[in-house]
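Asker: Quick one: this structure, given as structure tokens, is what I'll be asking you about.
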Amino acid sequence: MATAISNRIIQAPMAGGPTTPSLVKAVHDAGALGFLAGGYLSPQALDQQIVDVGDRQFGVNLFVPEAHHPKYEDLDSYRNALQPAFAELGVDLPAVPSFTDDSFNAKVDIVLQRQPGYCTFTFGLPDTSVVSSLQSVGIRVGITVTTPFEVVIAEANGADFLILQGPEAGGHSAQFDQWAEPSTLPLTAFIDEARSRVTLPLVAAGGIGTPADAAILLDRGVDAVQIGTRFLTSYEAGTKPCHRRALIEGTYTETTRTRAFSGRPARGLRNEFIDRFDSEAVIGYPQVNTLVGSLKKAAGDDPAWQNLWAGSRWAECREQSAVEIVREFSEYLNSHGF
């Protein structure tokens, strides 16, 4: 199973725009493993992005449809709580959005057709038939997990490798059950717990801001590290300008977990939207994400209204190329025997 992961350095799939084919290509060409983010893309857009990356070794990440749906009354309550925000931005209050499965089956079909080297899943377990279908055409399957319990059932589900996401990670918690409280088990302790339960290759994700951070986790026994936030301010990323500035300029001083933007817990820079609406937030992905999305669109490039996803080591971000980021990590790890 050790051959399931061919790189020590993996670029995290960051859905919603930051991950671009240009970023994945640059990461690959620098000697690391890049991942396209299939979440929120239409099947046609995902297909085009895979084509754009071309004949390289890379992966695709997909969101598993929610197994635990939110309650309509919760969604309607949050919609009403957001009414002043819609009024401020001159947007009519929309209806409660409908549930969507993010075109999951269509995207799986595209991955099967295009056959990238890897496919990973977030927010739950794909059906075992999906896993076996991908593996039958040579695609290695990874599942993102956040707790020791998820580790065990992901192995039983047939995964080739696991991505261990610690609470330090930016963006959404990959937890299988959106109704659960997100794990607070530090990544280092999570690695120890996972290694004691399974023999699958492990990838560590969350709070990796420097090569020294990566070395600590590799020394702990993982096979690779997955870096996300550092790539948000790379030249090749499609990160929103206000998000990019917020990570670099130091306007915001802390990260926090919130359900305010999407209904799922996610870590980002604490801003005005979180301060105003976190206490009103409900469990409600993906409908809350759709509802707030219309607000974010109306707000444009105002960071006060945007989800400024960031991991705990976001202060290490700076403007540089993806090649420079990969080289910084590779050279340090090589010089320290990894």
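Letters A, B, ... mark the chains of the structure tokens in the order given; residue numbers begin at 1 per chain; ligand numbers begin at 1, in order shown.
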Output as CSV one row per residue of segment 213-306 of chain A within 8 Å of segment 15-20 of chain A: the closest atom pair and its distance in Å to one decimal place, counting only C-alpha atoms, sorted by chain and residue number ascending.

Answerer:
residue,atom,partner,partner_atom,distance
A:Leu232,CA,A:Pro18,CA,6.3
A:Glu236,CA,A:Thr20,CA,7.2
A:Ala237,CA,A:Pro18,CA,4.9
A:Gly238,CA,A:Pro18,CA,4.0
A:Thr239,CA,A:Pro18,CA,4.3
A:Lys240,CA,A:Pro18,CA,7.5

Asker: For segment 297-314 of chain A, please output as a ChimeraX atom specification all residues within 6 Å (counting only C-alpha atoms; exclusion window: fewer than 6 positions along the same chain).

Answerer: /A:168-171,207,209,229,242-243,267-269,271-273

Asker: Which is closest to Ser173 of chain A among A:Leu75, A:Ala205, A:Ile191, A:Leu93, if we use only C-alpha atoms?

Answerer: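 Of all the options, A:Ala205 lies closest to Ser173 of chain A.
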
Asker: Provide the atom CA of Gln287 of chain A to atom CA of Asp47 of chain A distance in Å, to one decimal place.

Answerer: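 Distance reported for this atom pair: 24.7 Å.
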
Asker: Of the candidates A:Gly284, A:Pro148, A:Pro186, A:Gly39, which shows the shortest atom-to-atom distance to Pro167 of chain A, using only C-alpha atoms?

Answerer: A:Pro186

Asker: Just the residues within 9 Å of segment 249-251 of chain A, please, counting only C-alpha atoms, with nothing from its chain fewer than 4 positions along; format it as a PDB file with all heavy atoms, in the first residue's frame.

Answerer:
ATOM      1  N   ARG A 244      -7.009  37.331  -0.780  1.00  0.00           N
ATOM      2  CA  ARG A 244      -5.560  37.360  -0.904  1.00  0.00           C
ATOM      3  C   ARG A 244      -4.963  38.477  -0.045  1.00  0.00           C
ATOM      4  O   ARG A 244      -3.980  38.279   0.684  1.00  0.00           O
ATOM      5  CB  ARG A 244      -5.189  37.546  -2.372  1.00  0.00           C
ATOM      6  CG  ARG A 244      -3.726  37.359  -2.710  1.00  0.00           C
ATOM      7  CD  ARG A 244      -3.497  37.633  -4.196  1.00  0.00           C
ATOM      8  NE  ARG A 244      -4.140  36.647  -5.042  1.00  0.00           N
ATOM      9  CZ  ARG A 244      -3.546  35.543  -5.487  1.00  0.00           C
ATOM     10  NH1 ARG A 244      -2.286  35.306  -5.161  1.00  0.00           N
ATOM     11  NH2 ARG A 244      -4.188  34.697  -6.277  1.00  0.00           N
ATOM     12  N   ARG A 245      -5.560  39.667  -0.136  1.00  0.00           N
ATOM     13  CA  ARG A 245      -5.052  40.801   0.655  1.00  0.00           C
ATOM     14  C   ARG A 245      -5.169  40.537   2.150  1.00  0.00           C
ATOM     15  O   ARG A 245      -4.271  40.858   2.930  1.00  0.00           O
ATOM     16  CB  ARG A 245      -5.826  42.079   0.295  1.00  0.00           C
ATOM     17  CG  ARG A 245      -5.568  42.612  -1.111  1.00  0.00           C
ATOM     18  CD  ARG A 245      -6.094  44.043  -1.240  1.00  0.00           C
ATOM     19  NE  ARG A 245      -7.491  44.177  -0.846  1.00  0.00           N
ATOM     20  CZ  ARG A 245      -8.517  44.016  -1.676  1.00  0.00           C
ATOM     21  NH1 ARG A 245      -8.316  43.701  -2.954  1.00  0.00           N
ATOM     22  NH2 ARG A 245      -9.760  44.164  -1.245  1.00  0.00           N
ATOM     23  N   ALA A 315      -0.503  33.139   8.757  1.00  0.00           N
ATOM     24  CA  ALA A 315       0.410  34.283   8.774  1.00  0.00           C
ATOM     25  C   ALA A 315       1.688  34.012   7.983  1.00  0.00           C
ATOM     26  O   ALA A 315       2.452  34.951   7.706  1.00  0.00           O
ATOM     27  CB  ALA A 315       0.761  34.664  10.211  1.00  0.00           C
TER      28      ALA A 315
END

Asker: Residues within 8 Å of segment 155-163 of chain A, please, as a PDB file with N, CA and C atoms, in the first residue's frame. Count only C-alpha atoms; anything in the same chain fewer than 4 positions from it doesn't count.

Answerer:
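This is the output file around_16.pdb:
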ATOM      1  N   MET A   1       0.809  -1.210   0.000  1.00  0.00           N
ATOM      2  CA  MET A   1       0.000   0.000   0.000  1.00  0.00           C
ATOM      3  C   MET A   1       0.849   1.270   0.000  1.00  0.00           C
ATOM      4  N   ALA A   4       0.594   3.841  -2.785  1.00  0.00           N
ATOM      5  CA  ALA A   4      -0.646   4.572  -3.045  1.00  0.00           C
ATOM      6  C   ALA A   4      -0.409   6.073  -3.122  1.00  0.00           C
ATOM      7  N   ILE A   5       0.673   6.571  -2.501  1.00  0.00           N
ATOM      8  CA  ILE A   5       1.001   7.995  -2.544  1.00  0.00           C
ATOM      9  C   ILE A   5       2.426   8.134  -3.068  1.00  0.00           C
ATOM     10  N   LEU A 125     -18.409   9.219   2.999  1.00  0.00           N
ATOM     11  CA  LEU A 125     -17.931   8.028   2.305  1.00  0.00           C
ATOM     12  C   LEU A 125     -18.687   7.832   0.999  1.00  0.00           C
ATOM     13  N   ASP A 127     -20.076   5.469  -1.995  1.00  0.00           N
ATOM     14  CA  ASP A 127     -20.504   4.075  -2.002  1.00  0.00           C
ATOM     15  C   ASP A 127     -19.327   3.184  -2.401  1.00  0.00           C
ATOM     16  N   THR A 128     -19.280   1.995  -1.839  1.00  0.00           N
ATOM     17  CA  THR A 128     -18.169   1.094  -2.146  1.00  0.00           C
ATOM     18  C   THR A 128     -18.100   0.767  -3.635  1.00  0.00           C
ATOM     19  N   VAL A 131     -15.988   3.448  -5.184  1.00  0.00           N
ATOM     20  CA  VAL A 131     -14.577   3.215  -4.879  1.00  0.00           C
ATOM     21  C   VAL A 131     -14.004   2.118  -5.776  1.00  0.00           C
ATOM     22  N   SER A 132     -14.707   1.007  -5.866  1.00  0.00           N
ATOM     23  CA  SER A 132     -14.198  -0.116  -6.662  1.00  0.00           C
ATOM     24  C   SER A 132     -14.166   0.211  -8.147  1.00  0.00           C
ATOM     25  N   ARG A 140      -6.289   5.780  -7.755  1.00  0.00           N
ATOM     26  CA  ARG A 140      -6.111   5.556  -6.327  1.00  0.00           C
ATOM     27  C   ARG A 140      -7.052   6.470  -5.549  1.00  0.00           C
ATOM     28  N   VAL A 141      -7.749   5.898  -4.586  1.00  0.00           N
ATOM     29  CA  VAL A 141      -8.837   6.586  -3.889  1.00  0.00           C
ATOM     30  C   VAL A 141      -8.414   6.975  -2.482  1.00  0.00           C
ATOM     31  N   GLY A 142      -8.598   8.254  -2.160  1.00  0.00           N
ATOM     32  CA  GLY A 142      -8.341   8.743  -0.811  1.00  0.00           C
ATOM     33  C   GLY A 142      -9.605   9.310  -0.190  1.00  0.00           C
ATOM     34  N   ILE A 143      -9.716   9.200   1.112  1.00  0.00           N
ATOM     35  CA  ILE A 143     -10.866   9.746   1.836  1.00  0.00           C
ATOM     36  C   ILE A 143     -10.357  10.644   2.948  1.00  0.00           C
ATOM     37  N   THR A 144     -10.942  11.826   3.055  1.00  0.00           N
ATOM     38  CA  THR A 144     -10.557  12.781   4.096  1.00  0.00           C
ATOM     39  C   THR A 144     -11.316  12.465   5.366  1.00  0.00           C
ATOM     40  N   VAL A 145     -10.591  12.357   6.471  1.00  0.00           N
ATOM     41  CA  VAL A 145     -11.179  11.968   7.751  1.00  0.00           C
ATOM     42  C   VAL A 145     -10.752  12.956   8.839  1.00  0.00           C
ATOM     43  N   VAL A 151     -11.585   7.234  10.539  1.00  0.00           N
ATOM     44  CA  VAL A 151     -10.424   6.511  10.013  1.00  0.00           C
ATOM     45  C   VAL A 151     -10.761   5.041   9.791  1.00  0.00           C
ATOM     46  N   VAL A 198      -4.921   1.730  11.744  1.00  0.00           N
ATOM     47  CA  VAL A 198      -4.894   1.279  10.358  1.00  0.00           C
ATOM     48  C   VAL A 198      -3.466   1.240   9.833  1.00  0.00           C
ATOM     49  N   LEU A 200      -2.989   1.809   6.405  1.00  0.00           N
ATOM     50  CA  LEU A 200      -3.035   2.546   5.145  1.00  0.00           C
ATOM     51  C   LEU A 200      -2.043   3.709   5.139  1.00  0.00           C
ATOM     52  N   PRO A 201      -1.563   4.111   3.973  1.00  0.00           N
ATOM     53  CA  PRO A 201      -0.781   5.348   3.893  1.00  0.00           C
ATOM     54  C   PRO A 201      -1.606   6.528   4.397  1.00  0.00           C
ATOM     55  N   LEU A 202      -0.940   7.439   5.096  1.00  0.00           N
ATOM     56  CA  LEU A 202      -1.619   8.579   5.706  1.00  0.00           C
ATOM     57  C   LEU A 202      -1.026   9.888   5.193  1.00  0.00           C
ATOM     58  N   VAL A 203      -1.906  10.833   4.938  1.00  0.00           N
ATOM     59  CA  VAL A 203      -1.524  12.191   4.558  1.00  0.00           C
ATOM     60  C   VAL A 203      -1.995  13.123   5.662  1.00  0.00           C
ATOM     61  N   ALA A 204      -1.126  14.000   6.152  1.00  0.00           N
ATOM     62  CA  ALA A 204      -1.494  14.948   7.211  1.00  0.00           C
ATOM     63  C   ALA A 204      -1.866  16.283   6.600  1.00  0.00           C
ATOM     64  N   ALA A 205      -2.954  16.874   7.096  1.00  0.00           N
ATOM     65  CA  ALA A 205      -3.432  18.150   6.569  1.00  0.00           C
ATOM     66  C   ALA A 205      -3.887  19.051   7.709  1.00  0.00           C
TER      67      ALA A 205
END

Asker: Among segment 40-244 of chain A, which residues does DSSP mark as strand (DSSP E or B) when it is run on the backbone? Keep the chain and numbering as in the structure and answer as number ranges by chain.

Answerer: A: 58-63, 118-122, 140-145, 161-165, 171-172, 202-205, 224-227, 234
